[in-house]
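This is my_file.cif (mmCIF, C-alpha atoms).
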```cif
data_my_file
loop_
_atom_site.group_PDB
_atom_site.id
_atom_site.type_symbol
_atom_site.label_atom_id
_atom_site.label_comp_id
_atom_site.auth_asym_id
_atom_site.auth_seq_id
_atom_site.Cartn_x
_atom_site.Cartn_y
_atom_site.Cartn_z
ATOM 1 C CA MET A 24 29.099 21.909 6.171
ATOM 2 C CA ILE A 25 27.112 18.875 7.124
ATOM 3 C CA LYS A 26 24.015 19.670 9.103
ATOM 4 C CA LEU A 27 23.243 16.944 11.592
ATOM 5 C CA LYS A 28 20.792 18.676 13.829
ATOM 6 C CA ILE A 29 17.252 18.362 12.521
ATOM 7 C CA THR A 30 13.770 19.324 13.658
ATOM 8 C CA CYS A 31 10.844 16.976 14.239
ATOM 9 C CA ARG A 32 9.329 18.087 10.931
ATOM 10 C CA GLU A 33 12.497 17.188 9.113
ATOM 11 C CA ALA A 34 12.780 13.886 10.951
ATOM 12 C CA THR A 35 9.231 13.015 9.877
ATOM 13 C CA GLN A 36 9.944 13.908 6.255
ATOM 14 C CA ILE A 37 13.087 11.807 6.245
ATOM 15 C CA THR A 38 11.281 8.887 7.828
ATOM 16 C CA LEU A 39 8.496 8.917 5.273
ATOM 17 C CA LYS A 40 10.777 9.496 2.305
ATOM 18 C CA ALA A 41 12.866 6.506 3.260
ATOM 19 C CA GLU A 42 9.905 4.293 2.366
ATOM 20 C CA ASP A 43 10.286 5.180 -1.296
ATOM 21 C CA ARG A 44 13.983 5.699 -1.814
ATOM 22 C CA SER A 45 17.159 4.807 0.009
ATOM 23 C CA MET A 46 18.172 7.109 2.833
ATOM 24 C CA PRO A 47 21.344 9.167 2.283
ATOM 25 C CA LEU A 48 23.983 8.676 4.972
ATOM 26 C CA THR A 49 23.740 12.201 6.420
ATOM 27 C CA GLU A 50 19.996 11.781 6.846
ATOM 28 C CA ARG A 51 20.435 8.414 8.445
ATOM 29 C CA LEU A 52 22.909 9.835 10.942
ATOM 30 C CA SER A 53 20.939 12.947 11.735
ATOM 31 C CA LEU A 54 17.830 10.846 12.286
ATOM 32 C CA ARG A 55 19.755 8.613 14.637
ATOM 33 C CA LEU A 56 20.987 11.612 16.544
ATOM 34 C CA HIS A 57 17.497 13.080 16.702
ATOM 35 C CA HIS A 58 16.002 9.834 17.980
ATOM 36 C CA ARG A 59 18.284 9.953 20.990
ATOM 37 C CA ILE A 60 16.501 13.001 22.268
ATOM 38 C CA CYS A 61 12.980 12.671 20.823
ATOM 39 C CA THR A 62 10.567 9.938 21.919
ATOM 40 C CA ASN A 63 7.794 11.062 19.590
ATOM 41 C CA CYS A 64 9.935 10.835 16.476
ATOM 42 C CA ARG A 65 11.317 7.516 17.584
ATOM 43 C CA ARG A 66 7.824 6.161 18.001
ATOM 44 C CA PHE A 67 6.738 7.605 14.683
ATOM 45 C CA TYR A 68 9.674 5.870 13.029
ATOM 46 C CA ARG A 69 8.656 2.558 14.601
ATOM 47 C CA GLN A 70 5.094 3.018 13.431
ATOM 48 C CA VAL A 71 6.224 3.550 9.857
ATOM 49 C CA GLU A 72 8.503 0.563 10.154
ATOM 50 C CA LEU A 73 5.667 -1.587 11.438
ATOM 51 C CA MET A 74 3.456 -0.448 8.562
ATOM 52 C CA ARG A 75 6.132 -1.500 6.105
ATOM 53 C CA GLN A 76 6.326 -4.961 7.655
ATOM 54 C CA ALA A 77 2.558 -5.117 7.785
ATOM 55 C CA SER A 78 2.258 -4.281 4.087
ATOM 56 C CA ALA A 79 4.660 -7.065 3.208
ATOM 57 C CA ARG A 80 2.738 -9.505 5.383
ATOM 58 C CA TRP A 81 -0.545 -8.390 3.898
ATOM 59 C CA ARG A 82 0.794 -8.852 0.359
ATOM 60 C CA GLN A 83 1.523 -12.434 1.286
ATOM 61 C CA TYR A 84 -1.861 -12.806 2.922
ATOM 62 C CA THR A 85 -3.627 -11.725 -0.286
ATOM 63 C CA GLU A 86 -1.932 -14.530 -2.187
ATOM 64 C CA ASP A 87 -2.421 -17.393 0.216
ATOM 65 C CA MET B 1 -6.459 -30.783 -35.826
ATOM 66 C CA THR B 2 -5.847 -30.541 -32.121
ATOM 67 C CA ALA B 3 -8.768 -29.857 -29.898
ATOM 68 C CA PRO B 4 -8.466 -26.896 -27.552
ATOM 69 C CA PRO B 5 -7.572 -27.953 -24.032
ATOM 70 C CA ILE B 6 -10.643 -28.463 -21.946
ATOM 71 C CA ALA B 7 -10.625 -27.208 -18.431
ATOM 72 C CA SER B 8 -12.153 -29.706 -16.059
ATOM 73 C CA ALA B 9 -15.336 -28.806 -14.253
ATOM 74 C CA ASP B 10 -13.520 -29.004 -10.965
ATOM 75 C CA TYR B 11 -10.844 -26.576 -12.150
ATOM 76 C CA CYS B 12 -13.531 -24.163 -13.333
ATOM 77 C CA ARG B 13 -15.291 -24.330 -9.995
ATOM 78 C CA GLN B 14 -12.075 -23.599 -8.131
ATOM 79 C CA ILE B 15 -11.368 -20.612 -10.340
ATOM 80 C CA GLU B 16 -14.919 -19.357 -10.013
ATOM 81 C CA ALA B 17 -14.609 -19.519 -6.230
ATOM 82 C CA LEU B 18 -11.592 -17.220 -6.328
ATOM 83 C CA ARG B 19 -13.333 -14.515 -8.312
ATOM 84 C CA PRO B 20 -14.571 -12.539 -5.258
ATOM 85 C CA PRO B 21 -11.151 -12.055 -3.640
ATOM 86 C CA LEU B 22 -9.593 -11.201 -7.016
ATOM 87 C CA LEU B 23 -12.277 -8.621 -7.610
ATOM 88 C CA LYS B 24 -11.742 -7.163 -4.174
ATOM 89 C CA TYR B 25 -8.028 -6.630 -4.793
ATOM 90 C CA ALA B 26 -8.613 -5.336 -8.311
ATOM 91 C CA ARG B 27 -11.013 -2.734 -6.918
ATOM 92 C CA LEU B 28 -8.605 -1.802 -4.146
ATOM 93 C CA GLN B 29 -5.936 -1.232 -6.753
ATOM 94 C CA LEU B 30 -7.879 0.513 -9.500
ATOM 95 C CA ARG B 31 -10.661 2.229 -7.543
ATOM 96 C CA ASN B 32 -12.870 1.823 -10.548
ATOM 97 C CA PRO B 33 -15.395 -1.055 -10.613
ATOM 98 C CA ALA B 34 -15.563 -1.301 -14.417
ATOM 99 C CA TRP B 35 -11.790 -1.473 -14.867
ATOM 100 C CA ALA B 36 -11.535 -3.936 -12.015
ATOM 101 C CA GLU B 37 -14.159 -6.139 -13.632
ATOM 102 C CA ASP B 38 -12.193 -6.036 -16.902
ATOM 103 C CA ALA B 39 -8.922 -6.990 -15.244
ATOM 104 C CA VAL B 40 -10.488 -9.891 -13.353
ATOM 105 C CA SER B 41 -12.286 -11.185 -16.452
ATOM 106 C CA GLU B 42 -9.018 -11.096 -18.377
ATOM 107 C CA THR B 43 -7.359 -12.990 -15.547
ATOM 108 C CA LEU B 44 -10.006 -15.707 -15.412
ATOM 109 C CA LEU B 45 -9.983 -16.045 -19.203
ATOM 110 C CA ALA B 46 -6.234 -16.482 -19.196
ATOM 111 C CA ALA B 47 -6.537 -19.146 -16.527
ATOM 112 C CA LEU B 48 -9.323 -21.007 -18.353
ATOM 113 C CA GLU B 49 -7.576 -20.853 -21.697
ATOM 114 C CA LYS B 50 -4.378 -22.311 -20.320
ATOM 115 C CA PRO B 51 -5.304 -24.760 -17.607
ATOM 116 C CA HIS B 52 -2.019 -26.623 -18.057
ATOM 117 C CA ALA B 53 -0.023 -23.456 -17.416
ATOM 118 C CA PHE B 54 -1.000 -23.956 -13.827
ATOM 119 C CA ALA B 55 1.309 -26.796 -12.998
ATOM 120 C CA GLY B 56 0.173 -26.990 -9.431
ATOM 121 C CA ALA B 57 3.599 -25.768 -8.382
ATOM 122 C CA SER B 58 2.014 -23.018 -6.356
ATOM 123 C CA GLN B 59 -1.425 -22.530 -4.936
ATOM 124 C CA LEU B 60 -4.097 -21.678 -7.465
ATOM 125 C CA LYS B 61 -4.772 -18.382 -5.742
ATOM 126 C CA THR B 62 -1.116 -17.389 -5.749
ATOM 127 C CA TRP B 63 -0.971 -18.128 -9.465
ATOM 128 C CA LEU B 64 -4.146 -16.162 -10.225
ATOM 129 C CA VAL B 65 -3.069 -13.153 -8.161
ATOM 130 C CA GLY B 66 0.179 -13.179 -10.133
ATOM 131 C CA ILE B 67 -1.758 -13.016 -13.412
ATOM 132 C CA LEU B 68 -4.100 -10.404 -11.995
ATOM 133 C CA LYS B 69 -1.204 -8.128 -11.085
ATOM 134 C CA HIS B 70 -0.076 -8.105 -14.712
ATOM 135 C CA LYS B 71 -3.583 -7.379 -15.922
ATOM 136 C CA LEU B 72 -3.883 -4.542 -13.415
ATOM 137 C CA VAL B 73 -0.685 -2.950 -14.689
ATOM 138 C CA ASP B 74 -2.156 -3.241 -18.213
ATOM 139 C CA GLN B 75 -5.300 -1.460 -17.047
ATOM 140 C CA ILE B 76 -3.285 1.277 -15.381
ATOM 141 C CA ARG B 77 -1.319 1.801 -18.612
ATOM 142 C CA LYS B 78 -4.469 1.863 -20.678
ATOM 143 C CA ASN B 79 -6.063 4.477 -18.457
ATOM 144 C CA SER B 80 -2.957 6.387 -17.487
ATOM 145 C CA ARG B 81 -4.163 9.646 -18.955
ATOM 146 C CA GLU B 82 -7.247 9.639 -16.809
ATOM 147 C CA LEU B 83 -5.301 8.504 -13.757
ATOM 148 C CA SER B 84 -2.640 11.187 -13.937
ATOM 149 C CA THR B 85 -5.182 13.995 -14.012
ATOM 150 C CA THR B 86 -6.992 12.914 -10.876
ATOM 151 C CA CYS B 87 -3.915 13.704 -8.805
ATOM 152 C CA SER B 88 -3.451 15.685 -5.622
ATOM 153 C CA ASN B 89 -5.730 17.926 -3.607
ATOM 154 C CA GLU B 90 -7.802 15.058 -2.288
ATOM 155 C CA ASP B 91 -7.210 16.501 1.098
ATOM 156 C CA GLY B 92 -6.067 20.037 0.843
ATOM 157 C CA GLU B 93 -4.710 20.513 4.328
ATOM 158 C CA ASP B 94 -0.990 20.817 4.770
ATOM 159 C CA LEU B 95 0.315 17.604 6.253
ATOM 160 C CA ASP B 96 2.812 19.354 8.446
ATOM 161 C CA ASP B 97 0.176 21.515 10.050
ATOM 162 C CA LEU B 98 -1.847 18.469 10.991
ATOM 163 C CA LEU B 99 1.074 16.935 12.815
ATOM 164 C CA PHE B 100 2.974 19.894 14.174
ATOM 165 C CA ALA B 101 2.131 23.012 16.104
ATOM 166 C CA SER B 102 3.522 26.316 14.889
ATOM 167 C CA ASP B 103 6.405 26.013 17.354
ATOM 168 C CA GLY B 104 7.509 22.855 15.545
ATOM 169 C CA HIS B 105 6.515 20.428 18.274
ATOM 170 C CA TRP B 106 4.289 17.404 17.762
ATOM 171 C CA ARG B 107 0.668 18.307 18.413
ATOM 172 C CA GLU B 108 0.041 14.965 20.051
ATOM 173 C CA THR B 109 2.150 12.427 21.833
ATOM 174 C CA GLN B 110 2.928 9.558 19.495
ATOM 175 C CA HIS B 111 1.772 6.130 20.554
ATOM 176 C CA ASP B 112 3.999 3.207 21.202
ATOM 177 C CA TRP B 113 2.729 0.372 18.984
ATOM 178 C CA GLY B 114 4.636 -2.229 20.909
ATOM 179 C CA ASN B 115 6.124 -5.376 19.506
ATOM 180 C CA PRO B 116 5.133 -5.674 15.817
ATOM 181 C CA GLU B 117 5.096 -9.472 15.878
ATOM 182 C CA ASP B 118 2.180 -9.428 18.282
ATOM 183 C CA SER B 119 0.062 -7.686 15.686
ATOM 184 C CA LEU B 120 1.509 -8.967 12.460
ATOM 185 C CA ARG B 121 0.732 -12.609 12.998
ATOM 186 C CA GLN B 122 -2.940 -11.972 13.654
ATOM 187 C CA VAL B 123 -5.408 -12.425 10.828
ATOM 188 C CA ASP B 124 -7.657 -9.826 12.449
ATOM 189 C CA PHE B 125 -4.909 -7.269 12.077
ATOM 190 C CA MET B 126 -4.662 -8.073 8.357
ATOM 191 C CA LYS B 127 -8.387 -7.420 8.063
ATOM 192 C CA VAL B 128 -8.113 -4.065 9.831
ATOM 193 C CA LEU B 129 -5.201 -3.134 7.584
ATOM 194 C CA GLU B 130 -7.173 -4.100 4.493
ATOM 195 C CA ALA B 131 -10.131 -2.021 5.655
ATOM 196 C CA CYS B 132 -7.801 0.928 6.244
ATOM 197 C CA VAL B 133 -6.319 0.639 2.746
ATOM 198 C CA GLU B 134 -9.843 0.555 1.375
ATOM 199 C CA LYS B 135 -10.623 3.813 3.165
ATOM 200 C CA LEU B 136 -7.762 5.713 1.527
ATOM 201 C CA PRO B 137 -8.986 8.334 -0.942
ATOM 202 C CA GLY B 138 -8.907 7.184 -4.580
ATOM 203 C CA GLN B 139 -5.589 8.353 -5.901
ATOM 204 C CA GLN B 140 -3.751 7.897 -2.606
ATOM 205 C CA GLY B 141 -5.072 4.367 -2.379
ATOM 206 C CA ARG B 142 -4.141 3.617 -5.959
ATOM 207 C CA LEU B 143 -0.589 4.882 -5.525
ATOM 208 C CA PHE B 144 -0.151 3.149 -2.197
ATOM 209 C CA MET B 145 -1.294 -0.136 -3.733
ATOM 210 C CA MET B 146 0.978 0.313 -6.750
ATOM 211 C CA ARG B 147 3.892 0.763 -4.409
ATOM 212 C CA GLU B 148 3.115 -1.765 -1.692
ATOM 213 C CA TRP B 149 1.010 -4.401 -3.399
ATOM 214 C CA LEU B 150 2.107 -4.344 -7.042
ATOM 215 C CA GLU B 151 5.599 -3.543 -5.766
ATOM 216 C CA LEU B 152 6.363 -1.038 -8.505
ATOM 217 C CA GLU B 153 9.365 1.229 -8.097
ATOM 218 C CA SER B 154 8.691 4.915 -7.538
ATOM 219 C CA ASP B 155 10.166 5.947 -10.882
ATOM 220 C CA GLU B 156 8.064 3.342 -12.697
ATOM 221 C CA ILE B 157 4.940 4.763 -11.106
ATOM 222 C CA CYS B 158 5.932 8.301 -12.056
ATOM 223 C CA LYS B 159 6.572 7.206 -15.615
ATOM 224 C CA GLU B 160 3.343 5.253 -16.014
ATOM 225 C CA LEU B 161 1.197 8.041 -14.629
ATOM 226 C CA ALA B 162 3.297 10.979 -15.845
ATOM 227 C CA ILE B 163 3.545 12.517 -12.393
ATOM 228 C CA THR B 164 6.562 14.092 -10.723
ATOM 229 C CA PRO B 165 8.472 12.345 -7.921
ATOM 230 C CA THR B 166 7.509 15.172 -5.559
ATOM 231 C CA ASN B 167 3.861 14.695 -6.352
ATOM 232 C CA LEU B 168 4.147 10.958 -5.808
ATOM 233 C CA TRP B 169 5.896 11.437 -2.476
ATOM 234 C CA VAL B 170 3.334 13.889 -1.205
ATOM 235 C CA MET B 171 0.541 11.479 -2.092
ATOM 236 C CA LEU B 172 2.293 8.488 -0.555
ATOM 237 C CA HIS B 173 3.135 10.430 2.601
ATOM 238 C CA ARG B 174 -0.509 11.340 2.967
ATOM 239 C CA ALA B 175 -1.574 7.772 2.391
ATOM 240 C CA ARG B 176 0.840 6.493 5.029
ATOM 241 C CA LEU B 177 -0.247 9.081 7.571
ATOM 242 C CA ARG B 178 -3.890 8.227 7.010
ATOM 243 C CA LEU B 179 -3.141 4.570 7.286
ATOM 244 C CA ARG B 180 -1.310 5.207 10.519
ATOM 245 C CA ASP B 181 -4.252 7.104 11.984
ATOM 246 C CA CYS B 182 -6.643 4.402 10.865
ATOM 247 C CA LEU B 183 -4.531 1.632 12.412
ATOM 248 C CA GLN B 184 -4.183 3.630 15.586
ATOM 249 C CA ALA B 185 -7.952 4.027 15.826
ATOM 250 C CA GLY B 186 -8.890 0.561 14.614
ATOM 251 C CA TRP B 187 -6.253 -1.569 16.251
ATOM 252 C CA PHE B 188 -3.629 -0.020 18.470
ATOM 253 C CA GLY B 189 -6.004 2.289 20.246
ATOM 254 C CA GLY B 190 -7.997 -0.726 21.349
ATOM 255 C CA ALA B 191 -11.178 0.761 19.896
ATOM 256 C CA THR B 192 -13.483 -1.650 18.112
ATOM 257 C CA ALA B 193 -14.555 0.823 15.428
ATOM 258 C CA GLY B 194 -12.981 0.066 12.051
ATOM 259 C CA GLY B 195 -10.821 3.161 12.159
ATOM 260 C CA ALA B 196 -11.496 6.857 11.901
ATOM 261 C CA THR B 197 -10.372 9.338 9.292
#
```
If you convert what's in this file into structure tokens, what do you get?
Amino acid sequence: MIKLKITCREATQITLKAEDRSMPLTERLSLRLHHRICTNCRRFYRQVELMRQASARWRQYTED
Amino acid sequence: MTAPPIASADYCRQIEALRPPLLKYARLQLRNPAWAEDAVSETLLAALEKPHAFAGASQLKTWLVGILKHKLVDQIRKNSRELSTTCSNEDGEDLDDLLFASDGHWRETQHDWGNPEDSLRQVDFMKVLEACVEKLPGQQGRLFMMREWLELESDEICKELAITPTNLWVMLHRARLRLRDCLQAGWFGGATAGGAT
């Protein structure tokens, strides 16, 4: 059985793990579902996303 | 007999001027001043020995950073034994317990960082980010840099340092959480201090 309901802890783990490997579909969907009801996890996800973009920008900055 | 190519004085000066930033990034990556010095010296030597390899197609700095990255990977390989043993337990606390209360809820309300573009295009933000990376504990910083700056794949990193994927993930998760806290304190929180722990 596919488990789609996840806790905030699990959502955080999934979010962080996605930075270093591709996110399996079930995780992607459960995260999406979780974000509908949880502002904190949604914000955390955006923070991690921003850090990823920032790292890429910084990498460029170090070379220019 | 062909004479060795002679680097012009101007070229030498330009290269010399780029030594400080190269050294800064080498130290950020290796967290060991002696190894960093080695990697930068190797980089400058390579550049001085082959002045014509720099065709001017890219900026001099871009070219040198590219060489440096290779030299840094060499250094990591050379010292991999030492690097793999300095793993984990830099901060012993369980990550989960820092973030979540025993009932599974977030301990603190997460902050809205707003529109990323507003921050990302600011040079000041890049400086805060750099300072935050510098503050990461040794091994966390090293691994974070290998992943985000050298752009190595996770399995490459595990192989080079003989660490398990789980170990790598734990370390990277910690690094990212620390970085987040540092950015929150040093930038998004509006505080002027260069970030807390």
Give one line per residue of chain B that approaches chain A to at most 8 Å, naming the two atoms of the closest pair and their distance in Å to one decimal, counting only C-alpha atoms; sort by chain then ascending residue number and deliver it as CSV.
```
residue,atom,partner,partner_atom,distance
B:Gln59,CA,A:Asp87,CA,7.3
B:Lys61,CA,A:Glu86,CA,6.0
B:Thr62,CA,A:Glu86,CA,4.6
B:Val65,CA,A:Glu86,CA,6.2
B:Asp96,CA,A:Arg32,CA,7.1
B:Phe100,CA,A:Arg32,CA,7.4
B:Gly104,CA,A:Arg32,CA,6.9
B:His105,CA,A:Cys31,CA,6.9
B:Trp106,CA,A:Cys31,CA,7.5
B:Thr109,CA,A:Asn63,CA,6.2
B:Gln110,CA,A:Asn63,CA,5.1
B:His111,CA,A:Arg66,CA,6.6
B:Asp112,CA,A:Arg66,CA,5.8
B:Trp113,CA,A:Gln70,CA,6.6
B:Pro116,CA,A:Leu73,CA,6.0
B:Leu120,CA,A:Ala77,CA,6.1
B:Met126,CA,A:Trp81,CA,6.1
B:Leu129,CA,A:Trp81,CA,7.9
B:Glu130,CA,A:Trp81,CA,7.9
B:Glu148,CA,A:Ser78,CA,6.4
B:Trp149,CA,A:Arg82,CA,5.8
B:Glu153,CA,A:Asp43,CA,7.9
B:Ser154,CA,A:Asp43,CA,6.4
B:Trp169,CA,A:Lys40,CA,7.1
B:His173,CA,A:Leu39,CA,6.2
B:Arg176,CA,A:Val71,CA,7.8
B:Arg180,CA,A:Gln70,CA,7.4
```
> Hey, what comes out of the PyMOL selection byres ((chain B and resi 12-29) around 10) on this file? Could you write it as JSON, numbers by chain?
Replying inline: {"A": [85, 86], "B": [7, 8, 9, 10, 11, 30, 31, 32, 33, 34, 35, 36, 37, 38, 39, 40, 41, 43, 44, 47, 48, 51, 60, 61, 64, 65, 68, 69, 71, 72, 73, 76, 130, 131, 133, 134, 135, 136, 138, 139, 141, 142, 143, 144, 145, 146, 149, 150]}
Extending 4 Å beyond the listed atoms of segment 56-65 of chain B on each side, what axis-aligned box results? I want centre and edge lengths in Å to one decimal, as lines of an AutoDock Vina configuration file.
```
center_x = -0.6
center_y = -20.1
center_z = -7.6
size_x = 16.4
size_y = 21.8
size_z = 13.3
```
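Within the 7 Å cut-off around segment 79-84 of chain B, using all atoms listed in the file and omitting residues fewer than 6 positions from it on the same chain, the listed residues are Glu160, Leu161, Ala162 and Ile163 of chain B.
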Please produce an output containing C-alpha atoms for each residue in the selection, written as a PDB file, keeping the file's coordinate frame.
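And here is the file that came out, part16.pdb:
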```
ATOM      1  CA  GLU B 160       3.343   5.253 -16.014  1.00  0.00           C
ATOM      2  CA  LEU B 161       1.197   8.041 -14.629  1.00  0.00           C
ATOM      3  CA  ALA B 162       3.297  10.979 -15.845  1.00  0.00           C
ATOM      4  CA  ILE B 163       3.545  12.517 -12.393  1.00  0.00           C
TER       5      ILE B 163
END
```
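Coordinates place atom CA of Gln140 of chain B at a distance of 5.5 Å from atom CA of Ala175 of chain B.
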> Residues at most 12 Å from Lys28 of chain A, counting only C-alpha atoms, excluding those fewer than 5 positions away in the same chain, as a PyMOL selection string?
Replying inline: chain A and resi 33-34+49-60
Store the residues of this selection in a file with C-alpha atoms, as a JSON list (two decimals), in the coordinates of the input.
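Below is the file that was written, selection30.json:
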```
[["chain", "number", "residue", "atom", "x", "y", "z"],
["A", 33, "GLU", "CA", 12.50, 17.19, 9.11],
["A", 34, "ALA", "CA", 12.78, 13.89, 10.95],
["A", 49, "THR", "CA", 23.74, 12.20, 6.42],
["A", 50, "GLU", "CA", 20.00, 11.78, 6.85],
["A", 51, "ARG", "CA", 20.43, 8.41, 8.44],
["A", 52, "LEU", "CA", 22.91, 9.84, 10.94],
["A", 53, "SER", "CA", 20.94, 12.95, 11.74],
["A", 54, "LEU", "CA", 17.83, 10.85, 12.29],
["A", 55, "ARG", "CA", 19.76, 8.61, 14.64],
["A", 56, "LEU", "CA", 20.99, 11.61, 16.54],
["A", 57, "HIS", "CA", 17.50, 13.08, 16.70],
["A", 58, "HIS", "CA", 16.00, 9.83, 17.98],
["A", 59, "ARG", "CA", 18.28, 9.95, 20.99],
["A", 60, "ILE", "CA", 16.50, 13.00, 22.27]]
```
> What is the distance between atom CA of Leu177 of chain B and atom CA of Leu95 of chain B, in Å to one decimal?
Replying inline: 8.6 Å
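Put simply, atom CA of His52 of chain B is 18.9 Å away from atom CA of His70 of chain B.
Comparing the minimum interatomic distances between Arg77 of chain B and each of B:Asp118, B:Asp124, B:Glu156, B:Asp103, counting all atoms listed in the file, we find that B:Glu156 sits nearest.
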What would segment 106-128 of chain B look like with N, CA and C atoms in place, written as a compact mmCIF listing (two decimals), in the coordinates of the input?
```
# COMPACT_ATOMS: atom_id res chain seq x y z
N TRP B 106 5.41 18.29 18.09
CA TRP B 106 4.29 17.40 17.76
C TRP B 106 3.04 17.90 18.48
N ARG B 107 1.92 17.90 17.78
CA ARG B 107 0.67 18.31 18.41
C ARG B 107 0.24 17.29 19.46
N GLU B 108 0.45 16.02 19.12
CA GLU B 108 0.04 14.96 20.05
C GLU B 108 1.21 14.04 20.34
N THR B 109 1.15 13.44 21.50
CA THR B 109 2.15 12.43 21.83
C THR B 109 1.94 11.22 20.93
N GLN B 110 3.03 10.73 20.37
CA GLN B 110 2.93 9.56 19.50
C GLN B 110 2.80 8.28 20.33
N HIS B 111 2.02 7.35 19.79
CA HIS B 111 1.77 6.13 20.55
C HIS B 111 2.82 5.07 20.28
N ASP B 112 3.10 4.34 21.33
CA ASP B 112 4.00 3.21 21.20
C ASP B 112 3.18 2.01 20.73
N TRP B 113 3.51 1.48 19.54
CA TRP B 113 2.73 0.37 18.98
C TRP B 113 3.21 -0.99 19.47
N GLY B 114 4.20 -0.96 20.31
CA GLY B 114 4.64 -2.23 20.91
C GLY B 114 5.39 -3.14 19.96
N ASN B 115 5.40 -4.40 20.30
CA ASN B 115 6.12 -5.38 19.51
C ASN B 115 5.34 -5.74 18.25
N PRO B 116 5.89 -5.45 17.06
CA PRO B 116 5.13 -5.67 15.82
C PRO B 116 4.65 -7.12 15.66
N GLU B 117 5.47 -8.06 16.08
CA GLU B 117 5.10 -9.47 15.88
C GLU B 117 3.74 -9.81 16.50
N ASP B 118 3.45 -9.16 17.62
CA ASP B 118 2.18 -9.43 18.28
C ASP B 118 1.00 -9.12 17.37
N SER B 119 1.15 -8.06 16.59
CA SER B 119 0.06 -7.69 15.69
C SER B 119 0.14 -8.43 14.36
N LEU B 120 1.36 -8.49 13.83
CA LEU B 120 1.51 -8.97 12.46
C LEU B 120 1.04 -10.40 12.24
N ARG B 121 1.12 -11.22 13.26
CA ARG B 121 0.73 -12.61 13.00
C ARG B 121 -0.76 -12.84 13.17
N GLN B 122 -1.50 -11.80 13.46
CA GLN B 122 -2.94 -11.97 13.65
C GLN B 122 -3.73 -11.67 12.38
N VAL B 123 -4.58 -12.61 12.02
CA VAL B 123 -5.41 -12.42 10.83
C VAL B 123 -6.32 -11.21 10.99
N ASP B 124 -6.79 -10.98 12.21
CA ASP B 124 -7.66 -9.83 12.45
C ASP B 124 -6.95 -8.52 12.12
N PHE B 125 -5.66 -8.48 12.40
CA PHE B 125 -4.91 -7.27 12.08
C PHE B 125 -4.85 -7.07 10.57
N MET B 126 -4.69 -8.16 9.82
CA MET B 126 -4.66 -8.07 8.36
C MET B 126 -5.99 -7.51 7.84
N LYS B 127 -7.07 -7.91 8.49
CA LYS B 127 -8.39 -7.42 8.06
C LYS B 127 -8.55 -5.93 8.34
N VAL B 128 -8.04 -5.49 9.50
CA VAL B 128 -8.11 -4.07 9.83
C VAL B 128 -7.27 -3.27 8.84
```
